Amino acid sequence: MTAKDCCRFLLEENRKYVGKYLSDLSDADLLVRPVPGANHIAWQLGHLIHSEASFFHGGFPGVKSPALPAGFAEQHDKATAAVDPPKGFLKKDEYLALFNQVRSATLAALDGLTDADLDKPTGWGDFAPTVGTAFLMAADHDFMHAGQFTVVRRKLGKPVVF
């Protein structure tokens, strides 16, 4: 298994986890907060999508992130995270479509790299010192937020997925 294979596996596997955790949630369920002041799933999905699109956009050769809807970044910034009641968020299917489009662009960019490219420095310091660690950070980011989705699932009485 190569370094690219490892990056691809984690990016694809975590995409599956996100999809599974959302599979039986309604649009309204995405706006449930596990506790007061915590981020709801809709905000987190938008944050993941915007972060990944902006993380790679312009920073890596060959990355062509899809355009996000007008106002998307602003809707999913820190200022909107705590607004109650939540308003202006997308439907689950819209988030999943955008998430998958951005992830596909990330995977396409990965496909265009060599294993040696993954060792190149990013200039981003300890956050993601190499191109390879940047791809791994994208997968880690999904998994960290998907773990938060499970708390909402429990609050809603949904079955354990994995």
# chains A, B, ... in the order shown; residues from 1 in each chain; ligands from 1
$ residues_around --residues "region 95-103 of chain A" --least-positions-apart "3" --cutoff "10 Å" --atoms "only C-alpha atoms" --output "PyMOL selection string"
chain A and resi 11-12+15+18-19+22+42-43+45-46+48-54+56+63-69+89-92+106-109+138-139
$ select_by_dssp --residues "region 4-159 of chain A" --states "alpha helix (DSSP H)" --output "JSON, numbers by chain"
{"A": [4, 5, 6, 7, 8, 9, 10, 11, 12, 13, 14, 15, 16, 17, 18, 19, 20, 21, 22, 41, 42, 43, 44, 45, 46, 47, 48, 49, 50, 51, 52, 53, 54, 55, 56, 72, 73, 74, 75, 78, 79, 80, 81, 92, 93, 94, 95, 96, 97, 98, 99, 100, 101, 102, 103, 104, 105, 106, 107, 108, 109, 110, 111, 131, 132, 133, 134, 135, 136, 137, 138, 139, 140, 141, 142, 143, 144, 145, 146, 147, 148, 149, 150, 151, 152, 153, 154, 155]}
$ write_last_selection --atoms "C-alpha atoms" --output "mmCIF file, in the first residue's frame"
data_model
loop_
_atom_site.group_PDB
_atom_site.id
_atom_site.type_symbol
_atom_site.label_atom_id
_atom_site.label_comp_id
_atom_site.auth_asym_id
_atom_site.auth_seq_id
_atom_site.Cartn_x
_atom_site.Cartn_y
_atom_site.Cartn_z
ATOM 1 C CA LYS A 4 -1.589 7.770 -1.757
ATOM 2 C CA ASP A 5 -3.528 4.572 -1.119
ATOM 3 C CA CYS A 6 -3.641 5.373 2.604
ATOM 4 C CA CYS A 7 -4.853 8.924 1.984
ATOM 5 C CA ARG A 8 -7.481 7.704 -0.476
ATOM 6 C CA PHE A 9 -8.689 4.987 1.892
ATOM 7 C CA LEU A 10 -9.189 7.421 4.777
ATOM 8 C CA LEU A 11 -10.887 10.058 2.617
ATOM 9 C CA GLU A 12 -13.261 7.478 1.116
ATOM 10 C CA GLU A 13 -13.897 5.623 4.375
ATOM 11 C CA ASN A 14 -14.720 8.799 6.269
ATOM 12 C CA ARG A 15 -17.036 9.870 3.467
ATOM 13 C CA LYS A 16 -18.903 6.584 4.061
ATOM 14 C CA TYR A 17 -19.110 7.259 7.814
ATOM 15 C CA VAL A 18 -20.577 10.718 7.250
ATOM 16 C CA GLY A 19 -23.152 9.258 4.860
ATOM 17 C CA LYS A 20 -24.099 6.440 7.228
ATOM 18 C CA TYR A 21 -24.460 8.764 10.220
ATOM 19 C CA LEU A 22 -26.785 10.995 8.193
ATOM 20 C CA ILE A 41 -25.041 18.942 12.289
ATOM 21 C CA ALA A 42 -26.140 21.297 9.488
ATOM 22 C CA TRP A 43 -23.616 23.908 10.601
ATOM 23 C CA GLN A 44 -20.911 21.256 10.974
ATOM 24 C CA LEU A 45 -21.566 19.875 7.489
ATOM 25 C CA GLY A 46 -21.302 23.337 5.991
ATOM 26 C CA HIS A 47 -18.126 23.925 7.967
ATOM 27 C CA LEU A 48 -16.621 20.660 6.668
ATOM 28 C CA ILE A 49 -17.562 21.462 3.079
ATOM 29 C CA HIS A 50 -16.290 25.033 3.169
ATOM 30 C CA SER A 51 -13.108 24.051 5.030
ATOM 31 C CA GLU A 52 -12.171 21.337 2.568
ATOM 32 C CA ALA A 53 -12.988 23.463 -0.465
ATOM 33 C CA SER A 54 -10.956 26.403 0.830
ATOM 34 C CA PHE A 55 -8.206 24.204 2.301
ATOM 35 C CA PHE A 56 -7.174 22.887 -1.090
ATOM 36 C CA PHE A 72 -22.346 29.564 1.933
ATOM 37 C CA ALA A 73 -19.162 30.546 3.778
ATOM 38 C CA GLU A 74 -20.950 33.243 5.753
ATOM 39 C CA GLN A 75 -23.814 30.883 6.677
ATOM 40 C CA LYS A 78 -18.547 30.990 13.758
ATOM 41 C CA ALA A 79 -21.045 33.850 14.022
ATOM 42 C CA THR A 80 -23.941 31.701 12.756
ATOM 43 C CA ALA A 81 -23.069 28.578 14.737
ATOM 44 C CA LYS A 92 -29.566 17.141 4.046
ATOM 45 C CA ASP A 93 -29.511 16.097 0.379
ATOM 46 C CA GLU A 94 -28.022 19.455 -0.604
ATOM 47 C CA TYR A 95 -25.269 19.135 2.004
ATOM 48 C CA LEU A 96 -24.481 15.589 0.937
ATOM 49 C CA ALA A 97 -24.305 16.593 -2.726
ATOM 50 C CA LEU A 98 -21.873 19.424 -1.945
ATOM 51 C CA PHE A 99 -19.856 17.252 0.442
ATOM 52 C CA ASN A 100 -19.491 14.577 -2.237
ATOM 53 C CA GLN A 101 -18.603 17.101 -4.958
ATOM 54 C CA VAL A 102 -15.872 18.650 -2.815
ATOM 55 C CA ARG A 103 -14.569 15.235 -1.726
ATOM 56 C CA SER A 104 -14.478 14.055 -5.337
ATOM 57 C CA ALA A 105 -12.407 17.130 -6.248
ATOM 58 C CA THR A 106 -10.037 16.364 -3.372
ATOM 59 C CA LEU A 107 -9.677 12.760 -4.506
ATOM 60 C CA ALA A 108 -9.104 13.857 -8.106
ATOM 61 C CA ALA A 109 -6.322 16.138 -6.889
ATOM 62 C CA LEU A 110 -4.803 13.274 -4.930
ATOM 63 C CA ASP A 111 -4.907 11.087 -8.048
ATOM 64 C CA VAL A 131 1.016 17.701 1.133
ATOM 65 C CA GLY A 132 0.312 14.190 2.429
ATOM 66 C CA THR A 133 -0.511 15.412 5.919
ATOM 67 C CA ALA A 134 -2.884 17.984 4.401
ATOM 68 C CA PHE A 135 -4.886 15.175 2.807
ATOM 69 C CA LEU A 136 -4.858 13.249 6.077
ATOM 70 C CA MET A 137 -6.027 16.369 7.939
ATOM 71 C CA ALA A 138 -9.058 16.565 5.628
ATOM 72 C CA ALA A 139 -9.967 12.991 6.569
ATOM 73 C CA ASP A 140 -9.329 13.644 10.272
ATOM 74 C CA HIS A 141 -11.581 16.691 10.166
ATOM 75 C CA ASP A 142 -14.495 14.591 8.846
ATOM 76 C CA PHE A 143 -14.007 11.959 11.471
ATOM 77 C CA MET A 144 -13.814 14.438 14.335
ATOM 78 C CA HIS A 145 -17.138 16.003 13.338
ATOM 79 C CA ALA A 146 -18.752 12.649 12.527
ATOM 80 C CA GLY A 147 -18.025 11.671 16.124
ATOM 81 C CA GLN A 148 -20.085 14.678 17.187
ATOM 82 C CA PHE A 149 -22.927 13.520 14.926
ATOM 83 C CA THR A 150 -23.210 10.345 17.019
ATOM 84 C CA VAL A 151 -24.127 12.378 20.096
ATOM 85 C CA VAL A 152 -27.044 13.961 18.228
ATOM 86 C CA ARG A 153 -28.055 10.518 16.980
ATOM 87 C CA ARG A 154 -28.177 9.270 20.580
ATOM 88 C CA LYS A 155 -30.209 12.293 21.669
#
$ atom_distance --atom1 "CA of Lys87 (chain A)" --atom2 "CA of Val35 (chain A)"
17.8 Å
$ atom_distance --atom1 "CA of Asp115 (chain A)" --atom2 "CA of Ala3 (chain A)"
6.2 Å
$ atom_distance --atom1 "CA of His57 (chain A)" --atom2 "CA of His40 (chain A)"
25.8 Å
